[in-house]
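*Asks:* One structure, as structure tokens, below. Some questions next.
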Amino acid sequence: MNPIYERSRTAIVRPARSGDGEAVRAIRNHAVEHSTALWTHAVQSPAQGAAWLAAHLERGSAFVAEVGGEVAGFAVYGPWRELDGYRHTVEDSVYVSEDRQGLGIGSALLAALIASAREAGHHVMIAGIEAGNSGSIRLHERFGFHHAGTVREVGTKFGRWLDLTIMRLPLS
């Protein structure tokens with residue numbers, strides 16, 4: 001049997017807990033420092049990471065994937081926009097440790113996130129993805145997200161302009 005397949009089957013997805021904060025923060029900060037997935041150069045401090053995770057824990061919208069007892073990835077959803085008219089729409093975020101990518105962990109996390117958002121009664125889930133992130137776009141397509149549009153040169157990081165692909169999944 002393919003060892004990668006065996007490893008992916010060992011991922012356990014569960015609701016996040018406050019004790020997962022440092023592992024989640026480490027994965028998030030790695031993405032900040034080394035990718036265009038998060039359009040910021042500011043890494044989270046321990047206090048900022050704890051506050052950020054606490055907001056998701058309060059909503060029940062945070063999940064982690066464990067492999068061998070260690071957090072290998074996380075997924076959250078939160079309000080897409082703050083205005084009341086958008087209250088039924090959420091936006092997802094899925095991150096997997098660099099050394100665990102390509103093992104099905106992102107799929108397991110996104111499946112849990114979608115199921116949770118549906119159960120919570122949300123109507124639409126949005127994904128805002130850097131247009132060059134073909135892996136994330138393919139992941140979302142596999143779950144039924146459709147391309148809603150690409151907005152050119154709306155962000156910048158690492159000295160270049162970035163395009164934002166918006167994807168949409170009806171939940172109800």
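We name chains A, B, ... following the order of the structure tokens; residues begin at 1 in each chain, and ligands are numbered from 1 as shown.
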Can you tell me which residues surround A:Ala11 at a distance of at most 7 Å, considering only C-alpha atoms, apart from same-chain residues fewer than 4 positions away, and format the answer as an MDAnalysis selection string?
*Replies:* chainID A and resid 65:67 105
*Asks:* Limited to all heavy atoms, could you put the picked residues into a file as a JSON list (two decimals), in the first residue's frame?
*Replies:*
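selection_10.json, written as the output of this step:
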```json
[["chain", "number", "residue", "atom", "x", "y", "z"],
["A", 65, "ALA", "N", -6.61, 19.03, 12.46],
["A", 65, "ALA", "CA", -6.32, 17.66, 12.06],
["A", 65, "ALA", "C", -5.08, 17.23, 12.82],
["A", 65, "ALA", "O", -4.06, 17.94, 12.80],
["A", 65, "ALA", "CB", -6.08, 17.56, 10.56],
["A", 66, "GLU", "N", -5.17, 16.10, 13.48],
["A", 66, "GLU", "CA", -4.04, 15.55, 14.22],
["A", 66, "GLU", "C", -3.49, 14.35, 13.48],
["A", 66, "GLU", "O", -4.24, 13.54, 12.96],
["A", 66, "GLU", "CB", -4.46, 15.08, 15.62],
["A", 66, "GLU", "CG", -4.72, 16.15, 16.60],
["A", 66, "GLU", "CD", -5.00, 15.57, 17.99],
["A", 66, "GLU", "OE1", -5.25, 14.35, 18.11],
["A", 66, "GLU", "OE2", -4.97, 16.35, 18.94],
["A", 67, "VAL", "N", -2.18, 14.24, 13.45],
["A", 67, "VAL", "CA", -1.49, 13.07, 12.94],
["A", 67, "VAL", "C", -0.50, 12.66, 14.01],
["A", 67, "VAL", "O", 0.36, 13.46, 14.40],
["A", 67, "VAL", "CB", -0.78, 13.35, 11.59],
["A", 67, "VAL", "CG1", 0.02, 12.14, 11.15],
["A", 67, "VAL", "CG2", -1.78, 13.76, 10.53],
["A", 105, "ILE", "N", -5.15, 15.78, 4.16],
["A", 105, "ILE", "CA", -5.52, 16.48, 5.38],
["A", 105, "ILE", "C", -6.39, 17.70, 5.08],
["A", 105, "ILE", "O", -7.39, 17.94, 5.76],
["A", 105, "ILE", "CB", -4.26, 16.85, 6.19],
["A", 105, "ILE", "CG1", -3.57, 15.57, 6.67],
["A", 105, "ILE", "CG2", -4.60, 17.76, 7.36],
["A", 105, "ILE", "CD1", -2.20, 15.78, 7.25]]
```
*Asks:* Just want the 8 Å neighbourhood of stretch 50-58 of chain A, counted on only C-alpha atoms, with same-chain residues fewer than 2 positions away dropped. Output as number ranges by chain.
*Replies:* A: 16-18, 21-22, 46-48, 60-62, 76-78
*Asks:* Grab the residues selected above and save them as an mmCIF file, in the first residue's frame with C-alpha atoms.
*Replies:*
```cif
data_model
loop_
_atom_site.group_PDB
_atom_site.id
_atom_site.type_symbol
_atom_site.label_atom_id
_atom_site.label_comp_id
_atom_site.auth_asym_id
_atom_site.auth_seq_id
_atom_site.Cartn_x
_atom_site.Cartn_y
_atom_site.Cartn_z
ATOM 1 C CA ALA A 16 -10.154 22.834 17.959
ATOM 2 C CA ARG A 17 -9.453 23.598 21.611
ATOM 3 C CA SER A 18 -7.649 26.514 23.204
ATOM 4 C CA GLY A 21 -3.381 27.624 19.897
ATOM 5 C CA GLU A 22 0.391 27.451 19.629
ATOM 6 C CA PRO A 46 1.040 34.359 21.224
ATOM 7 C CA ALA A 47 -1.594 36.772 22.593
ATOM 8 C CA GLN A 48 -2.874 37.649 19.111
ATOM 9 C CA GLY A 60 -17.655 26.661 17.071
ATOM 10 C CA SER A 61 -16.016 27.240 13.698
ATOM 11 C CA ALA A 62 -12.479 25.908 14.220
ATOM 12 C CA VAL A 76 -11.821 27.861 10.340
ATOM 13 C CA TYR A 77 -14.767 29.750 8.977
ATOM 14 C CA GLY A 78 -15.927 33.180 9.962
#
```
*Asks:* Would you return as a ChimeraX atom specification the members of chain A that DSSP assigns to alpha helix (DSSP H) on this structure's backbone?
*Replies:* /A:3-9,21-34,46-59,105-119,134-142
*Asks:* With distances taken over only C-alpha atoms, which residue among A:Val13, A:Val71, A:Met167, A:Ala37 lies nearest A:Leu113?
*Replies:*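 For A:Leu113, the nearest of the candidates is A:Val13.
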*Asks:* Between A:Arg25, A:His41, A:His30, A:Arg138, single out the one closest to A:Lys157, counting only C-alpha atoms.
*Replies:*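 Closest to A:Lys157 of all the choices is A:His41.
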*Asks:* DSSP on the backbone: which residues in stretch 45-86 of chain A end up as strand (DSSP E)? Give the answer as an MDAnalysis selection string.
*Replies:* chainID A and resid 62:67 70:79
*Asks:* Counting only C-alpha atoms, which of A:Ile27, A:Leu38, A:Val124, A:Val94 gets nearest to A:Ala72?
*Replies:*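 Looking at the shortest contact to A:Ala72, the residue is A:Ile27.
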*Asks:* What lies within 9 Å of A:Leu164 using only C-alpha atoms, ignoring chain neighbours under 4 positions off, as number ranges by chain?
*Replies:* A: 128-132, 149-155
*Asks:* For stretch 145-148 of chain A, work out the shell of residues within 6 Å, counting only C-alpha atoms and skipping chain neighbours fewer than 5 positions away, then give it as a ChimeraX atom specification.
*Replies:* /A:140,166-169
*Asks:* So the first atom is atom CA of A:Arg81 and the second is atom CA of A:His123; what is the distance between them in Å, to one decimal place?
*Replies:*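 Atom CA of A:His123 lies at a distance of 13.7 Å from atom CA of A:Arg81.
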*Asks:* Would you mind reading off the distance between atom CA of A:Phe63 and atom CA of A:Thr40, one decimal, in Å?
*Replies:*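 The value is 22.5 Å.
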